[in-house]
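Participant: Below is the file model_26.cif, with mmCIF, C-alpha atoms.
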data_structure
#
loop_
_atom_site.group_PDB
_atom_site.id
_atom_site.type_symbol
_atom_site.label_atom_id
_atom_site.label_comp_id
_atom_site.auth_asym_id
_atom_site.auth_seq_id
_atom_site.Cartn_x
_atom_site.Cartn_y
_atom_site.Cartn_z
ATOM 1 C CA MET O 1 -181.459 58.096 104.049
ATOM 2 C CA ALA O 2 -182.578 55.524 106.623
ATOM 3 C CA SER O 3 -183.394 56.664 110.118
ATOM 4 C CA PRO O 4 -181.409 55.171 113.039
ATOM 5 C CA ALA O 5 -184.399 52.944 113.828
ATOM 6 C CA GLU O 6 -184.105 51.446 110.340
ATOM 7 C CA LEU O 7 -180.380 50.663 110.394
ATOM 8 C CA ASN O 8 -179.781 47.325 108.703
ATOM 9 C CA ILE O 9 -176.391 45.996 109.732
ATOM 10 C CA HIS O 10 -176.946 42.405 108.645
ATOM 11 C CA SER O 11 -175.429 43.015 105.198
ATOM 12 C CA ILE O 12 -172.147 44.314 106.706
ATOM 13 C CA ALA O 13 -169.345 41.717 106.606
ATOM 14 C CA THR O 14 -167.331 43.022 109.569
ATOM 15 C CA PRO O 15 -168.679 42.451 113.116
ATOM 16 C CA SER O 16 -171.190 45.252 113.712
ATOM 17 C CA MET O 17 -173.745 46.107 116.385
ATOM 18 C CA VAL O 18 -176.152 48.854 117.257
ATOM 19 C CA ILE O 19 -176.310 49.673 120.959
ATOM 20 C CA ASN O 20 -179.485 51.338 122.199
ATOM 21 C CA LEU O 21 -179.217 53.865 125.007
ATOM 22 C CA MET O 22 -182.256 53.288 127.234
ATOM 23 C CA PRO O 23 -183.896 56.097 129.256
ATOM 24 C CA GLU O 24 -182.509 54.599 132.490
ATOM 25 C CA GLY O 25 -178.999 54.775 131.004
ATOM 26 C CA GLU O 26 -178.741 51.038 130.306
ATOM 27 C CA LEU O 27 -176.889 49.944 127.209
ATOM 28 C CA VAL O 28 -178.760 47.235 125.300
ATOM 29 C CA ILE O 29 -177.733 45.493 122.096
ATOM 30 C CA GLY O 30 -180.470 46.442 119.653
ATOM 31 C CA ALA O 31 -179.029 44.651 116.647
ATOM 32 C CA ALA O 32 -176.003 42.505 115.879
ATOM 33 C CA ASN O 33 -174.979 40.967 112.612
ATOM 34 C CA LEU O 34 -173.902 37.333 112.353
ATOM 35 C CA ALA O 35 -170.191 38.226 112.453
ATOM 36 C CA ALA O 36 -170.691 40.062 115.788
ATOM 37 C CA GLU O 37 -172.833 37.277 117.254
ATOM 38 C CA GLN O 38 -169.987 34.818 116.614
ATOM 39 C CA LEU O 39 -167.760 36.839 118.965
ATOM 40 C CA PHE O 40 -170.077 36.631 121.983
ATOM 41 C CA PRO O 41 -169.790 33.719 124.445
ATOM 42 C CA THR O 42 -173.485 32.811 124.354
ATOM 43 C CA ALA O 43 -174.763 29.323 123.697
ATOM 44 C CA ASP O 44 -177.651 30.339 121.440
ATOM 45 C CA HIS O 45 -175.663 32.974 119.448
ATOM 46 C CA LYS O 46 -178.430 35.517 120.097
ATOM 47 C CA VAL O 47 -177.208 38.779 121.570
ATOM 48 C CA GLU O 48 -179.988 41.166 120.596
ATOM 49 C CA GLY O 49 -181.638 42.454 123.761
ATOM 50 C CA MET O 50 -178.556 41.696 125.893
ATOM 51 C CA ILE O 51 -177.920 44.309 128.592
ATOM 52 C CA LEU O 52 -174.193 45.029 128.534
ATOM 53 C CA THR O 53 -174.016 45.643 132.289
ATOM 54 C CA ASP O 54 -175.445 42.177 133.010
ATOM 55 C CA PHE O 55 -172.338 40.223 133.998
ATOM 56 C CA GLU O 56 -174.137 37.185 135.431
ATOM 57 C CA GLY O 57 -172.420 33.916 134.540
ATOM 58 C CA LEU O 58 -169.439 35.550 132.803
ATOM 59 C CA ASP O 59 -165.813 34.796 133.621
ATOM 60 C CA ALA O 60 -163.535 37.554 134.964
ATOM 61 C CA SER O 61 -161.766 38.072 131.627
ATOM 62 C CA THR O 62 -165.055 38.541 129.752
ATOM 63 C CA ILE O 63 -166.333 40.932 132.431
ATOM 64 C CA ALA O 64 -163.145 43.013 132.223
ATOM 65 C CA GLN O 65 -163.386 43.217 128.432
ATOM 66 C CA ARG O 66 -167.050 44.161 128.553
ATOM 67 C CA GLN O 67 -166.296 46.877 131.132
ATOM 68 C CA LYS O 68 -163.720 48.354 128.736
ATOM 69 C CA THR O 69 -166.342 48.330 125.983
ATOM 70 C CA ILE O 70 -168.851 50.057 128.271
ATOM 71 C CA LEU O 71 -166.233 52.719 129.107
ATOM 72 C CA GLN O 72 -165.696 53.409 125.387
ATOM 73 C CA LEU O 73 -169.451 53.533 124.788
ATOM 74 C CA ARG O 74 -169.852 56.058 127.635
ATOM 75 C CA ARG O 75 -167.024 58.196 126.204
ATOM 76 C CA CYS O 76 -168.745 58.134 122.814
ATOM 77 C CA ILE O 77 -172.117 59.021 124.341
ATOM 78 C CA ASP O 78 -170.806 61.753 126.642
ATOM 79 C CA GLY O 79 -168.629 63.333 123.959
ATOM 80 C CA LYS O 80 -171.162 62.850 121.144
ATOM 81 C CA GLU O 81 -168.282 61.923 118.876
ATOM 82 C CA PRO O 82 -166.657 58.742 117.601
ATOM 83 C CA THR O 83 -164.201 56.905 119.844
ATOM 84 C CA PHE O 84 -161.839 54.074 119.039
ATOM 85 C CA SER O 85 -160.129 51.297 120.968
ATOM 86 C CA GLU O 86 -157.849 48.343 120.388
ATOM 87 C CA ALA O 87 -157.852 45.148 122.418
ATOM 88 C CA GLN O 88 -157.055 41.480 122.284
ATOM 89 C CA GLN O 89 -160.286 39.493 122.007
ATOM 90 C CA GLN O 90 -161.071 35.837 122.487
ATOM 91 C CA ARG O 91 -163.201 34.139 119.858
ATOM 92 C CA ARG O 92 -165.874 31.592 120.712
ATOM 93 C CA ASP O 93 -163.481 28.783 119.715
ATOM 94 C CA GLY O 94 -160.936 29.962 122.320
ATOM 95 C CA SER O 95 -158.457 31.523 119.885
ATOM 96 C CA PHE O 96 -157.371 35.138 120.255
ATOM 97 C CA HIS O 97 -157.195 38.042 117.835
ATOM 98 C CA TRP O 98 -156.570 41.783 118.033
ATOM 99 C CA ASP O 99 -159.331 44.133 116.981
ATOM 100 C CA ARG O 100 -159.855 47.844 116.532
ATOM 101 C CA ARG O 101 -163.329 49.022 117.427
ATOM 102 C CA SER O 102 -165.060 52.129 116.190
ATOM 103 C CA TYR O 103 -167.888 53.573 118.286
ATOM 104 C CA ILE O 104 -170.040 55.968 116.257
ATOM 105 C CA PRO O 105 -172.823 57.953 117.962
ATOM 106 C CA ILE O 106 -176.215 58.176 116.260
ATOM 107 C CA LEU O 107 -178.072 61.311 117.287
ATOM 108 C CA ASN O 108 -181.831 61.816 117.484
ATOM 109 C CA ALA O 109 -183.668 64.922 116.221
ATOM 110 C CA ASP O 110 -182.821 66.748 119.485
ATOM 111 C CA GLY O 111 -179.084 66.167 118.992
ATOM 112 C CA GLU O 112 -178.858 63.596 121.799
ATOM 113 C CA VAL O 113 -177.199 60.214 121.405
ATOM 114 C CA GLU O 114 -179.889 57.612 120.860
ATOM 115 C CA LYS O 115 -177.787 54.703 119.623
ATOM 116 C CA VAL O 116 -174.158 53.817 119.051
ATOM 117 C CA MET O 117 -172.955 51.867 116.038
ATOM 118 C CA VAL O 118 -170.026 49.587 116.948
ATOM 119 C CA MET O 119 -167.823 48.083 114.242
ATOM 120 C CA SER O 120 -164.896 45.738 114.865
ATOM 121 C CA PHE O 121 -161.928 45.254 112.544
ATOM 122 C CA ASP O 122 -159.412 42.417 112.956
ATOM 123 C CA ILE O 123 -155.933 43.948 113.166
ATOM 124 C CA SER O 124 -154.014 40.799 114.202
ATOM 125 C CA GLU O 125 -151.642 41.010 111.234
ATOM 126 C CA LEU O 126 -150.862 44.662 111.996
ATOM 127 C CA VAL O 127 -150.082 43.881 115.642
ATOM 128 C CA GLU O 128 -147.907 40.924 114.638
ATOM 129 C CA SER O 129 -145.910 43.065 112.161
ATOM 130 C CA GLN O 130 -145.464 45.772 114.831
ATOM 131 C CA ALA O 131 -144.132 43.140 117.248
ATOM 132 C CA GLU O 132 -141.709 41.903 114.581
ATOM 133 C CA MET O 133 -140.522 45.469 113.946
ATOM 134 C CA LYS O 134 -140.031 45.995 117.692
ATOM 135 C CA ASN O 135 -137.900 42.823 117.903
ATOM 136 C CA VAL O 136 -135.720 44.037 115.029
ATOM 137 C CA ILE O 137 -135.290 47.499 116.590
ATOM 138 C CA GLU O 138 -134.432 45.964 119.964
ATOM 139 C CA SER O 139 -131.658 43.912 118.345
ATOM 140 C CA ILE O 140 -129.937 46.964 116.825
ATOM 141 C CA GLY O 141 -126.948 48.230 118.807
ATOM 142 C CA ALA O 142 -127.524 51.904 117.953
ATOM 143 C CA PRO O 143 -129.935 54.041 120.029
ATOM 144 C CA ILE O 144 -133.334 54.089 118.335
ATOM 145 C CA PHE O 145 -136.611 55.535 119.562
ATOM 146 C CA ILE O 146 -140.054 56.071 118.091
ATOM 147 C CA VAL O 147 -142.025 59.199 118.982
ATOM 148 C CA ASP O 148 -145.725 59.959 118.465
ATOM 149 C CA VAL O 149 -146.400 63.496 117.255
ATOM 150 C CA GLN O 150 -149.684 64.904 118.553
ATOM 151 C CA ASP O 151 -151.571 68.186 118.424
ATOM 152 C CA GLY O 152 -150.174 71.186 120.268
ATOM 153 C CA ASN O 153 -146.505 70.399 119.530
ATOM 154 C CA ARG O 154 -146.611 67.438 121.916
ATOM 155 C CA PHE O 155 -144.382 64.431 121.397
ATOM 156 C CA PHE O 156 -144.656 61.153 123.284
ATOM 157 C CA TRP O 157 -142.109 58.362 123.503
ATOM 158 C CA ARG O 158 -143.793 55.352 121.929
ATOM 159 C CA PHE O 159 -140.838 53.009 122.156
ATOM 160 C CA PHE O 160 -137.082 53.049 122.613
ATOM 161 C CA ASN O 161 -134.678 50.160 122.336
ATOM 162 C CA PRO O 162 -132.278 49.095 125.123
ATOM 163 C CA SER O 163 -129.414 51.010 123.463
ATOM 164 C CA ALA O 164 -131.432 54.256 123.525
ATOM 165 C CA GLU O 165 -132.498 53.562 127.098
ATOM 166 C CA LYS O 166 -128.849 53.261 128.145
ATOM 167 C CA PHE O 167 -127.491 56.101 125.962
ATOM 168 C CA TYR O 168 -130.201 58.645 126.930
ATOM 169 C CA ASP O 169 -130.587 57.326 130.494
ATOM 170 C CA LEU O 170 -134.321 56.739 129.966
ATOM 171 C CA ARG O 171 -136.844 54.499 131.654
ATOM 172 C CA SER O 172 -139.758 52.831 129.888
ATOM 173 C CA ASP O 173 -142.194 54.856 132.015
ATOM 174 C CA CYS O 174 -140.881 58.223 130.742
ATOM 175 C CA LEU O 175 -142.740 60.405 128.281
ATOM 176 C CA LEU O 176 -141.231 63.332 126.433
ATOM 177 C CA TYR O 177 -143.374 66.460 126.196
ATOM 178 C CA THR O 178 -142.168 69.181 123.856
ATOM 179 C CA SER O 179 -143.684 72.618 123.490
ATOM 180 C CA ASP O 180 -142.619 75.842 121.786
ATOM 181 C CA ALA O 181 -141.231 77.139 125.081
ATOM 182 C CA ALA O 182 -139.166 74.217 126.377
ATOM 183 C CA ASP O 183 -138.508 70.508 126.315
ATOM 184 C CA ASP O 184 -139.482 68.634 129.442
ATOM 185 C CA LEU O 185 -139.011 64.994 130.393
ATOM 186 C CA LEU O 186 -141.774 63.629 132.571
ATOM 187 C CA CYS O 187 -141.613 60.218 134.218
ATOM 188 C CA VAL O 188 -144.871 58.852 135.594
#
As a first step, turn the structure in this file into structure tokens.
Facilitator:
Amino acid sequence: MASPAELNIHSIATPSMVINLMPEGELVIGAANLAAEQLFPTADHKVEGMILTDFEGLDASTIAQRQKTILQLRRCIDGKEPTFSEAQQQRRDGSFHWDRRSYIPILNADGEVEKVMVMSFDISELVESQAEMKNVIESIGAPIFIVDVQDGNRFFWRFFNPSAEKFYDLRSDCLLYTSDAADDLLCV
């Protein structure tokens, strides 16, 4: 098995990077495959060695997206476990796509995070089909809602159509929490 220092991501087809955690806490791109380099707004397409907290010359949208990435990287590093995020990204050609990113910590011999492997998967088609499904559900006259079931007998409103909003007297900022003891509606 290859050590983290020997990771070769250049044969991976999906955008992939290895982020090095420097002793000062800086996050530096140690390696990026060609697919990942194509996503960065740099003229020379070279991102290896880029410090992620260096925002010089970037537009506000790019800075905001990079800050979200840094937040996910910090969560991965602090928790020493994989984290995931979804976001709309702009390609170098100006077009947009949705991606799901996986942040996987790579531990050194002492069990500390030394690097983070980042892989990006285009989920544009999934997002588009979810939007189509939402439009269909919104057009139905019967009350319909979608609930996420999570650990600990917790249920969260994901979506409800206008009919459900009216019938159940709900607002889009309400979440339903359910436990073994009681059902509670919490609006935030």
Participant: To test your reading of the syntax: which residues would the PyMOL selection byres ((chain O and resi 118) around 10) return for the file shown? Reply as a VMD selection string.
Facilitator: chain O and resid 15 to 19 32 36 69 73 82 to 84 101 to 105 115 to 117 119 to 120
Participant: May I ask which of the residues O:Ala142, O:Ile51, O:Ile77, O:Ile137 is the closest one to Phe159 of chain O, counting only C-alpha atoms?
Facilitator: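 Comparing O:Ala142, O:Ile51, O:Ile77, O:Ile137 against Phe159 of chain O, the winner is O:Ile137.
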Participant: Applied to the shown file, which residues does the PyMOL selection byres ((chain O and resi 65) around 12) return, written as a VMD selection string?
Facilitator: chain O and resid 40 52 to 53 55 58 to 64 66 to 72 85 to 90
Participant: For atom CA of Glu56 of chain O and atom CA of Gly94 of chain O, quote the distance in Å rounded to one decimal.
Facilitator: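 Going from atom CA of Glu56 of chain O over to atom CA of Gly94 of chain O, I get 20.0 Å.
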Participant: Between O:Val147, O:Met50, O:Ile12, O:Cys76, which is the closest to Gly30 of chain O once you count all atoms listed in the file?
Facilitator: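 With all atoms listed in the file as the atom set, the closest residue is O:Met50.
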Participant: From the set O:Glu132, O:Asp99, O:Val113, O:Ser11, which residue has the shortest atom-to-atom contact distance to Arg75 of chain O, counting all atoms listed in the file?
Facilitator: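 Result for the nearest residue to Arg75 of chain O: O:Val113.
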